[in-house]
$ cat my_file-v6.txt   # compact mmCIF, C-alpha atoms and all ligand atoms
# COMPACT_ATOMS: atom_id res chain seq x y z
CA MET A 32 16.12 2.75 -31.76
CA THR A 33 15.88 2.21 -28.01
CA LEU A 34 13.45 -0.07 -26.28
CA TRP A 35 11.59 3.01 -25.11
CA GLN A 36 11.10 4.52 -28.53
CA GLU A 37 10.08 1.17 -29.94
CA LEU A 38 7.26 0.95 -27.41
CA GLY A 39 6.23 4.55 -27.91
CA LEU A 40 6.97 5.50 -24.32
CA PRO A 41 7.27 9.20 -23.54
CA ASP A 42 10.67 10.82 -24.08
CA ASP A 43 10.11 12.76 -20.90
CA MET A 44 10.35 9.58 -18.83
CA LEU A 45 13.46 8.57 -20.72
CA ASN A 46 15.09 11.96 -20.03
CA PHE A 47 14.13 11.81 -16.40
CA ASN A 48 15.62 8.35 -15.92
CA ALA A 49 18.81 9.30 -17.76
CA LYS A 50 19.30 12.37 -15.56
CA LEU A 51 18.57 10.32 -12.44
CA CYS A 52 21.20 7.74 -13.45
CA ASP A 53 23.78 10.44 -14.21
CA LEU A 54 23.24 12.09 -10.82
CA GLN A 55 23.47 8.72 -9.05
CA GLN A 56 26.70 7.98 -10.87
CA GLN A 57 28.18 11.36 -9.99
CA LEU A 58 27.25 11.19 -6.30
CA LYS A 59 28.56 7.65 -6.01
CA GLN A 60 32.00 9.10 -6.80
CA GLU A 61 31.51 11.78 -4.17
CA ALA A 62 30.25 9.56 -1.35
CA PRO A 63 32.75 9.06 1.47
CA ARG A 64 34.40 5.64 1.43
CA ALA A 65 32.64 3.67 4.14
CA LYS A 66 34.71 1.89 6.72
CA PRO A 67 33.62 -1.70 7.38
CA ILE A 68 31.14 -1.56 10.21
CA ILE A 69 31.55 -5.21 11.11
CA SER A 70 34.49 -7.52 11.49
CA LEU A 71 35.15 -10.49 9.23
CA LYS A 72 34.23 -12.78 12.14
CA LYS A 73 30.88 -11.05 12.61
CA ALA A 74 30.28 -11.17 8.85
CA GLN A 75 30.92 -14.91 8.78
CA ALA A 76 28.53 -15.43 11.69
CA LEU A 77 25.81 -13.44 9.90
CA MET A 78 26.36 -15.37 6.67
CA LYS A 79 26.00 -18.63 8.58
CA GLU A 80 22.65 -17.43 9.91
CA GLU A 81 21.74 -16.38 6.34
CA LYS A 82 21.42 -12.77 7.42
CA PRO A 83 22.44 -9.85 5.17
CA LEU A 84 25.53 -8.00 6.36
CA LEU A 85 23.95 -4.55 6.32
CA ALA A 86 21.41 -5.76 8.88
CA GLU A 87 23.80 -4.13 11.35
CA GLY A 88 23.24 -0.69 9.77
CA PHE A 89 25.76 1.46 7.95
CA GLU A 90 27.52 4.80 8.24
CA VAL A 91 25.92 7.95 6.88
CA ASP A 92 27.61 11.32 7.06
CA LYS A 93 24.90 13.83 7.90
CA GLU A 94 26.37 16.73 5.92
CA VAL A 95 27.01 14.71 2.80
CA PHE A 96 23.58 13.12 3.05
CA THR A 97 21.97 16.57 3.28
CA ARG A 98 23.83 17.66 0.16
CA PHE A 99 22.70 14.55 -1.74
CA PHE A 100 19.13 15.00 -0.51
CA ASN A 101 19.12 18.55 -1.87
CA ALA A 102 20.62 17.41 -5.19
CA PHE A 103 17.71 15.02 -5.80
CA LEU A 104 15.25 17.67 -4.65
CA GLU A 105 16.77 20.02 -7.27
CA LEU A 106 16.48 17.34 -9.93
CA LEU A 107 12.76 17.03 -9.21
CA TYR A 108 12.30 20.83 -9.30
CA GLU A 109 13.94 20.82 -12.73
CA MET A 110 12.24 17.78 -14.22
CA ARG A 111 8.87 17.81 -12.46
CA PRO A 112 7.87 21.49 -12.01
CA GLN A 113 4.23 20.39 -11.70
CA ILE A 114 4.94 19.11 -8.17
CA SER A 115 6.93 22.15 -7.04
CA GLY A 116 4.31 22.87 -4.35
CA GLU A 117 5.00 19.49 -2.72
CA LEU A 118 8.74 20.00 -3.15
CA ASP A 119 8.52 23.40 -1.42
CA LYS A 120 6.87 21.71 1.54
CA ILE A 121 9.65 19.13 1.76
CA SER A 122 12.32 21.76 1.34
CA LYS A 123 10.87 24.00 4.07
CA GLN A 124 9.63 21.47 6.57
CA VAL A 125 11.93 18.52 6.48
CA GLY A 126 14.99 19.57 8.36
CA ALA A 127 16.93 18.55 11.41
CA SER A 128 14.22 16.24 12.73
CA LEU A 129 14.37 14.17 9.56
CA TRP A 130 18.08 13.55 9.82
CA GLU A 131 17.85 12.59 13.48
CA ASN A 132 15.03 10.10 12.90
CA LEU A 133 16.43 8.82 9.70
CA LEU A 134 19.96 8.28 10.90
CA LYS A 135 18.70 6.62 14.06
CA GLY A 136 16.54 4.39 11.86
CA ILE A 137 19.47 3.41 9.67
CA SER A 138 21.60 2.36 12.60
CA ASN A 139 18.71 0.18 13.83
CA ASN A 140 17.92 -0.82 10.26
CA GLU A 141 14.32 0.35 10.53
CA THR A 142 13.79 3.59 8.74
CA ASP A 143 10.39 4.88 9.71
CA LEU A 144 9.03 7.96 8.01
CA ASN A 145 5.63 7.93 9.70
CA ASP A 146 6.58 10.45 12.39
CA ILE A 147 8.05 12.87 9.88
CA ILE A 148 5.03 12.61 7.61
CA ALA A 149 2.56 13.02 10.49
CA GLU A 150 4.50 16.04 11.73
CA THR A 151 4.99 17.83 8.40
CA GLY A 152 2.25 16.55 6.07
CA VAL A 153 4.69 16.09 3.19
CA ASN A 154 4.03 13.63 0.37
CA ARG A 155 5.23 10.16 1.36
CA ASP A 156 6.12 8.90 -2.13
CA ILE A 157 8.16 11.96 -3.04
CA LEU A 158 9.98 11.98 0.29
CA ARG A 159 10.70 8.27 0.01
CA PHE A 160 11.97 8.71 -3.55
CA ILE A 161 14.42 11.42 -2.48
CA ILE A 162 15.65 9.56 0.60
CA LYS A 163 16.07 6.30 -1.29
CA ASN A 164 18.18 8.01 -3.93
CA ALA A 165 20.17 10.10 -1.44
CA LEU A 166 21.05 6.98 0.58
CA SER A 167 22.03 4.96 -2.44
CA PRO A 168 25.65 6.23 -2.73
CA PHE A 169 26.22 5.34 0.95
CA ILE A 170 24.73 1.88 0.52
CA HIS A 171 26.94 1.29 -2.51
CA SER A 172 30.02 2.41 -0.65
CA ALA A 173 29.21 0.16 2.32
CA ALA A 174 28.40 -2.75 0.00
CA GLU A 175 31.66 -2.38 -1.87
CA ASN A 176 33.42 -2.83 1.44
CA LEU A 177 31.38 -5.80 2.58
CA ASN A 178 31.48 -7.71 -0.69
CA LYS A 179 34.97 -8.93 0.09
CA TYR A 180 33.58 -10.83 3.08
CA ILE A 181 31.14 -12.77 0.94
CA ASP A 182 31.52 -16.10 -0.77
CA HIS A 183 29.18 -15.25 -3.65
CA ASP A 184 29.31 -18.70 -5.21
CA LYS A 185 27.97 -20.30 -2.05
CA TRP A 186 25.20 -17.83 -1.23
CA GLY A 187 22.45 -19.22 -3.52
CA LYS A 188 19.54 -17.24 -2.02
CA ARG A 189 17.00 -15.05 -3.76
CA PHE A 190 17.91 -12.05 -1.60
CA CYS A 191 21.06 -9.96 -1.49
CA PRO A 192 23.76 -11.17 0.92
CA VAL A 193 24.76 -7.56 1.61
CA CYS A 194 21.57 -5.52 2.01
CA GLY A 195 18.81 -8.14 2.06
CA GLU A 196 16.81 -6.77 -0.89
CA ASN A 197 15.27 -9.36 -3.22
CA ALA A 198 17.07 -9.62 -6.56
CA GLY A 199 15.50 -7.10 -8.93
CA PHE A 200 17.44 -8.02 -12.03
CA ALA A 201 19.51 -10.83 -13.51
CA TYR A 202 22.00 -11.33 -16.25
CA LEU A 203 22.99 -14.35 -18.27
CA GLU A 204 26.44 -14.96 -19.65
CA ALA A 205 25.73 -15.57 -23.33
CA LYS A 206 28.56 -18.10 -23.78
CA THR A 207 28.05 -20.27 -20.72
CA GLY A 208 24.39 -19.61 -19.93
CA LYS A 209 25.37 -18.99 -16.31
CA ARG A 210 22.85 -16.81 -14.49
CA HIS A 211 23.64 -14.15 -11.90
CA LEU A 212 21.09 -12.39 -9.75
CA VAL A 213 21.60 -8.69 -9.17
CA CYS A 214 20.60 -6.47 -6.28
CA VAL A 215 19.58 -3.17 -7.81
CA ARG A 216 19.86 -1.43 -4.44
CA CYS A 217 23.55 -2.07 -3.81
CA SER A 218 24.79 -3.69 -7.08
CA THR A 219 25.90 -6.92 -5.43
CA ARG A 220 25.54 -9.92 -7.75
CA TRP A 221 25.75 -13.65 -7.16
CA PRO A 222 25.29 -16.82 -9.22
CA PHE A 223 21.93 -18.59 -9.14
CA GLN A 224 20.66 -21.76 -10.83
CA ARG A 225 19.34 -20.87 -14.24
CA LEU A 226 16.14 -22.93 -14.45
CA VAL A 227 14.92 -22.49 -10.90
CA CYS A 228 12.60 -19.70 -9.79
CA PRO A 229 14.44 -17.61 -7.18
CA ASN A 230 11.17 -16.93 -5.40
CA CYS A 231 9.45 -20.30 -4.97
CA GLY A 232 12.24 -22.70 -5.91
CA SER A 233 10.11 -24.36 -8.60
CA ASN A 234 11.82 -25.67 -11.70
CA GLU A 235 8.55 -26.19 -13.54
CA ARG A 236 6.66 -23.72 -15.67
CA GLN A 237 9.61 -21.35 -16.11
CA ARG A 238 9.64 -19.46 -19.38
CA TYR A 239 10.67 -16.13 -20.79
CA PHE A 240 9.62 -13.64 -23.38
CA SER A 241 11.37 -10.73 -25.04
CA LEU A 242 10.49 -7.93 -27.39
CA PRO A 243 11.02 -8.18 -31.12
CA ASN A 244 14.51 -6.89 -32.05
CA GLN A 245 15.48 -6.72 -28.37
CA SER A 246 16.31 -10.32 -27.65
CA SER A 247 19.11 -9.44 -25.24
CA TYR A 248 16.52 -8.07 -22.82
CA GLN A 249 14.31 -10.86 -21.53
CA VAL A 250 11.61 -11.21 -18.92
CA HIS A 251 11.80 -14.54 -17.12
CA VAL A 252 8.55 -15.54 -15.47
CA CYS A 253 7.41 -18.29 -13.14
CA ASP A 254 3.84 -19.44 -13.68
CA GLN A 255 3.89 -21.16 -10.31
CA CYS A 256 4.26 -18.05 -8.13
CA LYS A 257 3.86 -15.27 -10.74
CA LEU A 258 7.31 -13.80 -10.26
CA TYR A 259 9.04 -11.96 -13.08
CA LEU A 260 12.70 -11.17 -13.36
CA LYS A 261 14.18 -8.90 -15.98
CA THR A 262 17.24 -10.52 -17.47
CA LEU A 263 19.97 -9.11 -19.65
CA VAL A 264 21.88 -11.51 -21.89
CA MET A 265 25.46 -10.28 -21.95
CA GLU A 266 27.90 -11.19 -24.69
CA HIS A 267 30.70 -9.70 -22.64
CA ILE A 268 30.39 -9.20 -18.92
CA GLN A 269 30.58 -5.49 -18.27
CA GLU A 270 32.45 -4.40 -15.23
CA ASP A 271 30.72 -1.04 -14.85
CA ARG A 272 28.06 -2.72 -12.69
CA ASP A 273 25.59 0.09 -13.34
CA PHE A 274 22.54 -2.11 -12.98
CA PHE A 275 20.53 0.82 -11.69
CA ARG A 276 20.75 2.21 -15.21
CA HIS A 277 19.93 -1.15 -16.82
CA ASP A 278 16.93 -1.45 -14.53
CA LEU A 279 15.56 1.99 -15.41
CA GLU A 280 16.31 1.61 -19.11
CA THR A 281 14.22 -1.54 -19.21
CA PHE A 282 11.19 -0.09 -17.47
CA ALA A 283 9.16 -0.98 -20.57
CA LEU A 284 9.62 -4.64 -19.67
CA ASP A 285 8.17 -4.01 -16.21
CA LEU A 286 5.08 -2.57 -17.83
CA LEU A 287 4.73 -5.60 -20.09
CA ALA A 288 5.24 -8.09 -17.28
CA ARG A 289 2.76 -6.36 -14.99
CA LYS A 290 0.22 -6.22 -17.79
CA GLU A 291 0.56 -10.01 -18.07
CA GLY A 292 -0.15 -10.33 -14.33
CA TYR A 293 3.35 -10.96 -13.00
CA LEU A 294 4.92 -9.36 -9.96
CA GLN A 295 8.45 -8.25 -9.17
CA ALA A 296 10.40 -10.10 -6.49
CA SER A 297 10.52 -7.06 -4.22
CA HIS A 298 6.71 -7.13 -4.03
CA LEU A 299 6.54 -10.80 -3.15
CA ALA A 300 8.56 -10.81 0.05
ZN ZN B 401 21.93 -5.43 -2.00
ZN ZN B 402 8.19 -19.13 -8.68

$ encode --input "my_file-v6.txt" --output "structure tokens"
Amino acid sequence: MTLWQELGLPDDMLNFNAKLCDLQQQLKQEAPRAKPIISLKKAQALMKEEKPLLAEGFEVDKEVFTRFFNAFLELLYEMRPQISGELDKISKQVGASLWENLLKGISNNETDLNDIIAETGVNRDILRFIIKNALSPFIHSAAENLNKYIDHDKWGKRFCPVCGENAGFAYLEAKTGKRHLVCVRCSTRWPFQRLVCPNCGSNERQRYFSLPNQSSYQVHVCDQCKLYLKTLVMEHIQEDRDFFRHDLETFALDLLARKEGYLQASHLA
């Protein structure tokens, strides 16, 4: 029995997340291999300043991006027919102007959808969902390239050395107890002290809870700053690095943590 079924969560959500993960996985294979956009020297300078490497932007092929955008739009048409009116609006109205603004935003690292939304009246959350997913394969490709510039053992911050996102997930090596933080956005992972809160640095009032019969999935919480961090205890370290899937599959833990009054790192920035 999965965590979902155990908590009585709707199968529909489970199906949706599974399809979303499969599409992500498929498009990751199809994304063009990104060339490094910065030199090793520049990367070292950024690391010294504690700045994420993708702060310089990353390459996005307009045609491939459009195809990915449409693939996620199709997924929503299939899985969420009740919002097809909103999807029609996006499909009809968001065209060339989106790509121009968006791609300009990416190269300056400030994607701003306000103009597009004001111009077209499309639903912000749905548009953001599609864009976030359509960009993901590009971010992964760029991150794969930049990871070789990073000394992961020395990083030690709560945010991702590649894309700057706060760690959204963690895993513990069952044998050694070593903890690694994971960026769900680009799948970069790096070691982090086990008994210290990544958000506030406190080593007091750290505890965790898990669900009955699901002890490998834990929620670590800090009662000092109210952060929670979903943590997977791994007997064997898996190399598939599909933490996007782990994150979605453990959505039940997010619900529990939020109910207890804790917040995710990405909301604490
Ligand atoms: Zn990242
Ligand atoms: Zn804390």

$ closest_residue --input "my_file-v6.txt" --among "A:His277, A:Lys261, A:Lys179, A:His171" --to "Arg210 in chain A" --atoms "all atoms listed in the file"
A:Lys261

$ residues_near_ligand --input "my_file-v6.txt" --ligand "ligand ZN 401 (chain B)" --cutoff "8 Å" --atoms "only C-alpha atoms and all ligand atoms" --output "MDAnalysis selection string"
chainID A and resid 174 190:198 213:219

$ closest_atom_pairs --input "my_file-v6.txt" --of "range 43-77 of chain A" --to "range 98-120 of chain A" --cutoff "12 Å" --atoms "all atoms listed in the file" --output "Markdown table"
| residue | atom | partner | partner_atom | distance |
| --- | --- | --- | --- | --- |
| A:Asp43 | CA | A:Met110 | CA | 8.6 |
| A:Met44 | CA | A:Met110 | CA | 9.6 |
| A:Leu45 | CA | A:Met110 | CA | 11.3 |
| A:Asn46 | CA | A:Met110 | CA | 8.7 |
| A:Phe47 | CA | A:Met110 | CA | 6.6 |
| A:Asn48 | CA | A:Met110 | CA | 10.2 |
| A:Ala49 | CA | A:Met110 | CA | 11.3 |
| A:Lys50 | CA | A:Leu106 | CA | 8.0 |
| A:Leu51 | CA | A:Leu106 | CA | 7.7 |
| A:Cys52 | CA | A:Phe103 | CA | 11.1 |
| A:Asp53 | CA | A:Leu106 | CA | 10.9 |
| A:Leu54 | CA | A:Phe103 | CA | 8.0 |
| A:Gln55 | CA | A:Phe103 | CA | 9.1 |
| A:Gln56 | CA | A:Phe99 | CA | 11.9 |
| A:Gln57 | CA | A:Phe99 | CA | 10.4 |
| A:Leu58 | CA | A:Phe99 | CA | 7.3 |
| A:Lys59 | CA | A:Phe99 | CA | 10.0 |
| A:Gln60 | CA | A:Phe99 | CA | 11.9 |
| A:Glu61 | CA | A:Phe99 | CA | 9.5 |
| A:Ala62 | CA | A:Phe99 | CA | 9.1 |
| A:Pro63 | CA | A:Phe99 | CA | 11.9 |

$ atom_distance --input "my_file-v6.txt" --atom1 "CA of Leu203 in chain A" --atom2 "CA of Glu291 in chain A"
22.8 Å

$ residues_around --input "my_file-v6.txt" --residues "Trp221 in chain A" --least-positions-apart "6" --cutoff "7 Å" --atoms "only C-alpha atoms" --output "list of chain:residue names"
A:His183, A:Asp184, A:His211, A:Leu212, A:Val213

$ atom_distance --input "my_file-v6.txt" --atom1 "CA of Leu84 in chain A" --atom2 "CA of Lys163 in chain A"
18.8 Å

$ closest_residue --input "my_file-v6.txt" --among "A:Leu279, A:Ala149, A:Leu258, A:Leu71" --to "Arg236 in chain A" --atoms "all atoms listed in the file"
A:Leu258

$ residues_near_ligand --input "my_file-v6.txt" --ligand "ligand ZN 402 (chain B)" --cutoff "8 Å" --atoms "all atoms listed in the file" --output "ChimeraX atom specification"
/A:227-233,237,252-258

$ residues_around --input "my_file-v6.txt" --residues "Lys209 in chain A" --least-positions-apart "6" --cutoff "10 Å" --atoms "all atoms listed in the file" --output "list in words"
Tyr202, Leu203, Pro222, Phe223, Gln224, Arg225 and Val264 of chain A

$ atom_distance --input "my_file-v6.txt" --atom1 "CA of Val95 in chain A" --atom2 "CA of Phe160 in chain A"
17.4 Å

$ closest_residue --input "my_file-v6.txt" --among "A:Ser172, A:Pro243, A:Glu150, A:Trp186" --to "Glu80 in chain A" --atoms "only C-alpha atoms"
A:Trp186

$ closest_residue --input "my_file-v6.txt" --among "A:Ile170, A:Val250, A:Gly152, A:Tyr180" --to "Ile69 in chain A" --atoms "only C-alpha atoms"
A:Tyr180

$ residues_near_point --input "my_file-v6.txt" --point "(11.5, -10.5, -23.2)" --cutoff "9 Å" --atoms "all atoms listed in the file" --output "list in words"
Tyr239, Phe240, Ser241, Leu242, Pro243, Gln245, Ser246, Ser247, Tyr248, Gln249, Val250, His251, Lys261, Thr262, Leu284, Leu287 and Ala288 of chain A

$ residues_near_point --input "my_file-v6.txt" --point "(27.0, -11.0, 13.8)" --cutoff "12 Å" --atoms "only C-alpha atoms" --output "list in words"
Ile68, Ile69, Ser70, Leu71, Lys72, Lys73, Ala74, Gln75, Ala76, Leu77, Met78, Lys79, Glu80, Glu81, Lys82, Pro83, Leu84, Leu85, Ala86, Glu87 and Gly88 of chain A
